[in-house]
There are 2 protein chains.
Amino acid sequence: MGEVEETVADVGEFALIRRVTGNRSAGPATLLGPGDDAAVVAAPDGRVVACTDVLVEGVHFRFDWSPPEQVGRKAAAVNLADIAAMGAEPTALLVGIACPSTTRASVVDELSAGLAAEAARARAGVVGGDMTRSDTLVISVTALGTLDGRAPVTRAGALPGDIVAVAGKLGWSAAGLAVLGRGFRSPVTVVGAHRVPAPPYSAGPAAALAGATSMIDVSDGLLADLAHIAEASNVAIDLVGDRVPVDQRLIEVASALGADARHWVLTGGEDHALAATFPNASAVPPDFRIIGSVARGTGVTIDGKPYPGDTGWQHWR
Amino acid sequence: MGEVEETVADVGEFALIRRVTGNRSAGPATLLGPGDDAAVVAAPDGRVVACTDVLVEGVHFRFDWSPPEQVGRKAAAVNLADIAAMGAEPTALLVGIACPSTTRASVVDELSAGLAAEAARARAGVVGGDMTRSDTLVISVTALGTLDGRAPVTRAGALPGDIVAVAGKLGWSAAGLAVLGRGFRSPVTVVGAHRVPAPPYSAGPAAALAGATSMIDVSDGLLADLAHIAEASNVAIDLVGDRVPVDQRLIEVASALGADARHWVLTGGEDHALAATFPNASAVPPDFRIIGSVARGTGVTIDGKPYPGDTGWQHWR
């Protein structure tokens, strides 16, 4: 006989909130952590950067593809990457989890451990949380960050003549999703990149310090997110096809699956790389690779031509 | 023939996020509003107060009992009240909405209008949001606030000899729930109090300025939330039975339903009144009514005796 597994209903709401938020190492910016009506977080330059993202079981993750600890890490990473994309350093996460009453308490514990581990990787503390009942498991994360006196790097500052560059992985999450979708579990580096993105957090503030004129977190796909910069900045962006980095590992996986690695790199979301523009090539920090340039006009092209395939996705379409 | 109603899938994710967060009057603390990877909010004293709450359809609200605009107002209010309970003034809200793709877009528009209206009542802006697909409609709200140089008022500072006082309505939401549960729609003041709580936002900072030693938002019920203060402060709280305010309107409704109005006042959650302790009676600000005192010991009593009924609730029990 197996042991009877404890559910969230067995543990109860308050005890579970303590398990989600408690026993974690507080980040250096945590002035008052979990357990009261609200937390207090340092905002040393008198401003706080804030963003929120909601992840839903069956839409953004599947527990048969990713264990709860990795889902927790992903939920933290997608938010922390948005903070980095403003040129800011993460300081804190707040986490809301809604789940069925039959959910095993160990699932919530592992989710929470993953959230805390990824937050710690970005030096942020988990400062608050809420737990409630829902037929669908939903994880909602808010991330806070500090600009340390710098101006925020928005999507709207790119200027004709600027250089376009990217930091972090591109296409790996899409490749991992394709592998999992065919029923495979390897190669593990590719599958792992889908389960847990590895956003280059420190590259965000580095880009801001280097004078980045615009920046975005690549969550919808490189072309789609560069199109957001082009639209917000009222400029055109042209990529140099040969400069777009397609990793040899992705080429091998694509070859095995009969897929197109370059398509993953150009259109795959969820790697949470950072794409930014800089006033000139010498300003581009070491973490970034130059892939194109900014001109007058509108839209995004590769070697002067529009990309013929689909360039992104929306959750309801 | 009726018109075909537009769904969230028809509108699409990005357009819907713009509708949720756009065209709203930004709060005075909004430095960079919605539309980028993250927002930037003023935190003038170098600290930000932050909390998060998740509301689920069928658990926290029912659209057959409350129209979407009122659900939106409630989702904002429960979070803004937590900010006030720290002695802080709200500055910003971030909103995540997960809903089925068949949800009418007008429902999301009305939810958003309600969120923005309640935020505006507290002088906070809606600075960011996320929209995604889910089988269950889930609204996740994060509120930010500023202490303007004051110390946060936690649950842990009550001292023997302190005075206990409350600001705002008590028992009204529970009464409204009882009315709706019997299939009635009136009296509207009582039903309205369940649909949209009216937390006394300004009473929170006023209590902090008056030297409140502890404070909590009454979300689980007066006795349950005072028990949180008693536990966190390691003190006992005794209420004077005759001082606990039971509104005449609630007595009438209870009489009609064969219910106990005093039980609603002592144990009903969701009114989001503020309960606080003060060093002496003369420190208690005008918005607060004195209902008891703090002593050495543990637990919460009324006229020296434990309350015989259930004192609160948990979502999974």
# chains A, B, ... in the order shown; residues from 1 in each chain; ligands from 1
>>> interface_residues(of="chain A", to="chain B", cutoff="8 Å", atoms="only C-alpha atoms", output="PyMOL selection string")
chain A and resi 8-9+12-14+36-56+59+82-83+85-86+94-98+101+128-136+138+140+142+152+154-155+216-217+314-317
>>> select_by_dssp(residues="range 104-210 of chain A", states="helix (DSSP H, G or I)", output="PyMOL selection string")
chain A and resi 105-121+172-181+188-195+203-209
>>> residues_around(residues="Leu177 in chain A", least_positions_apart="3", cutoff="9 Å", atoms="only C-alpha atoms", output="number ranges by chain")
A: 172-174, 180-182, 190-191, 194-195
>>> write_last_selection(atoms="N, CA, C and O atoms", output="PDB file, in the first residue's frame")
ATOM      1  N   TRP A 172      15.968  27.915 -28.237  1.00  0.00           N
ATOM      2  CA  TRP A 172      16.135  26.682 -27.454  1.00  0.00           C
ATOM      3  C   TRP A 172      14.812  26.209 -26.868  1.00  0.00           C
ATOM      4  O   TRP A 172      14.514  25.015 -26.869  1.00  0.00           O
ATOM      5  N   SER A 173      14.002  27.123 -26.347  1.00  0.00           N
ATOM      6  CA  SER A 173      12.724  26.715 -25.755  1.00  0.00           C
ATOM      7  C   SER A 173      11.807  26.129 -26.812  1.00  0.00           C
ATOM      8  O   SER A 173      11.157  25.100 -26.590  1.00  0.00           O
ATOM      9  N   ALA A 174      11.773  26.761 -27.982  1.00  0.00           N
ATOM     10  CA  ALA A 174      10.938  26.244 -29.082  1.00  0.00           C
ATOM     11  C   ALA A 174      11.406  24.859 -29.499  1.00  0.00           C
ATOM     12  O   ALA A 174      10.601  23.966 -29.778  1.00  0.00           O
ATOM     13  N   LEU A 180       9.568  17.662 -26.964  1.00  0.00           N
ATOM     14  CA  LEU A 180       8.555  17.117 -26.049  1.00  0.00           C
ATOM     15  C   LEU A 180       7.272  16.777 -26.797  1.00  0.00           C
ATOM     16  O   LEU A 180       6.625  15.759 -26.523  1.00  0.00           O
ATOM     17  N   GLY A 181       6.919  17.612 -27.780  1.00  0.00           N
ATOM     18  CA  GLY A 181       5.693  17.387 -28.546  1.00  0.00           C
ATOM     19  C   GLY A 181       5.748  16.115 -29.368  1.00  0.00           C
ATOM     20  O   GLY A 181       4.706  15.535 -29.705  1.00  0.00           O
ATOM     21  N   ARG A 182       6.974  15.659 -29.706  1.00  0.00           N
ATOM     22  CA  ARG A 182       7.111  14.394 -30.427  1.00  0.00           C
ATOM     23  C   ARG A 182       7.219  13.205 -29.476  1.00  0.00           C
ATOM     24  O   ARG A 182       7.446  12.079 -29.915  1.00  0.00           O
ATOM     25  N   VAL A 190      18.280  20.726 -24.472  1.00  0.00           N
ATOM     26  CA  VAL A 190      17.242  21.408 -25.238  1.00  0.00           C
ATOM     27  C   VAL A 190      15.908  21.348 -24.494  1.00  0.00           C
ATOM     28  O   VAL A 190      15.213  22.357 -24.359  1.00  0.00           O
ATOM     29  N   VAL A 191      15.573  20.171 -23.992  1.00  0.00           N
ATOM     30  CA  VAL A 191      14.329  20.014 -23.238  1.00  0.00           C
ATOM     31  C   VAL A 191      14.384  20.873 -21.968  1.00  0.00           C
ATOM     32  O   VAL A 191      13.405  21.543 -21.614  1.00  0.00           O
ATOM     33  N   HIS A 194      13.455  24.431 -22.454  1.00  0.00           N
ATOM     34  CA  HIS A 194      12.026  24.710 -22.500  1.00  0.00           C
ATOM     35  C   HIS A 194      11.423  24.713 -21.102  1.00  0.00           C
ATOM     36  O   HIS A 194      10.585  25.543 -20.769  1.00  0.00           O
ATOM     37  N   ARG A 195      11.876  23.753 -20.278  1.00  0.00           N
ATOM     38  CA  ARG A 195      11.306  23.643 -18.928  1.00  0.00           C
ATOM     39  C   ARG A 195      11.654  24.857 -18.087  1.00  0.00           C
ATOM     40  O   ARG A 195      10.827  25.371 -17.353  1.00  0.00           O
TER      41      ARG A 195
END
>>> atom_distance(atom1="CA of Ala178 in chain B", atom2="CA of Asp64 in chain B")
15.0 Å
>>> residues_around(residues="Thr298 in chain A", least_positions_apart="3", cutoff="12 Å", atoms="only C-alpha atoms", output="list in words")
Ala158, Leu159, Pro160, Leu226, Ala227, His228, Ile229, Ala230, Glu231, Ala232, Ser233, Asn234, Val235, Ala236, Ile237, Asp238, Val294, Ala295, Thr301, Gly304 and Pro306 of chain A
>>> residues_around(residues="Pro279 in chain B", least_positions_apart="4", cutoff="7 Å", atoms="only C-alpha atoms", output="ChimeraX atom specification")
/B:162-163,213,283
>>> residues_around(residues="Val253 in chain A", least_positions_apart="3", cutoff="10 Å", atoms="only C-alpha atoms", output="short mmCIF file (atom, residue, chain, number, x, y, z; two decimals) with C-alpha atoms, in the first residue's frame")
data_model
loop_
_atom_site.label_atom_id
_atom_site.label_comp_id
_atom_site.auth_asym_id
_atom_site.auth_seq_id
_atom_site.Cartn_x
_atom_site.Cartn_y
_atom_site.Cartn_z
CA ALA A 175 13.28 23.35 -29.90
CA GLY A 176 12.58 21.78 -26.49
CA ALA A 178 9.15 20.46 -30.42
CA VAL A 179 11.10 17.58 -28.86
CA SER A 186 16.14 14.31 -24.86
CA PRO A 187 18.49 15.95 -25.68
CA VAL A 190 17.24 21.41 -25.24
CA GLN A 248 24.85 23.89 -33.77
CA ARG A 249 22.89 21.85 -31.20
CA LEU A 250 19.61 23.28 -32.52
CA ALA A 256 16.47 14.89 -36.53
CA LEU A 257 12.89 16.22 -36.33
CA GLY A 258 12.67 17.51 -39.89
CA ALA A 259 12.27 21.05 -38.54
CA ASP A 260 13.91 24.43 -39.23
CA ALA A 261 16.30 25.59 -36.49
#
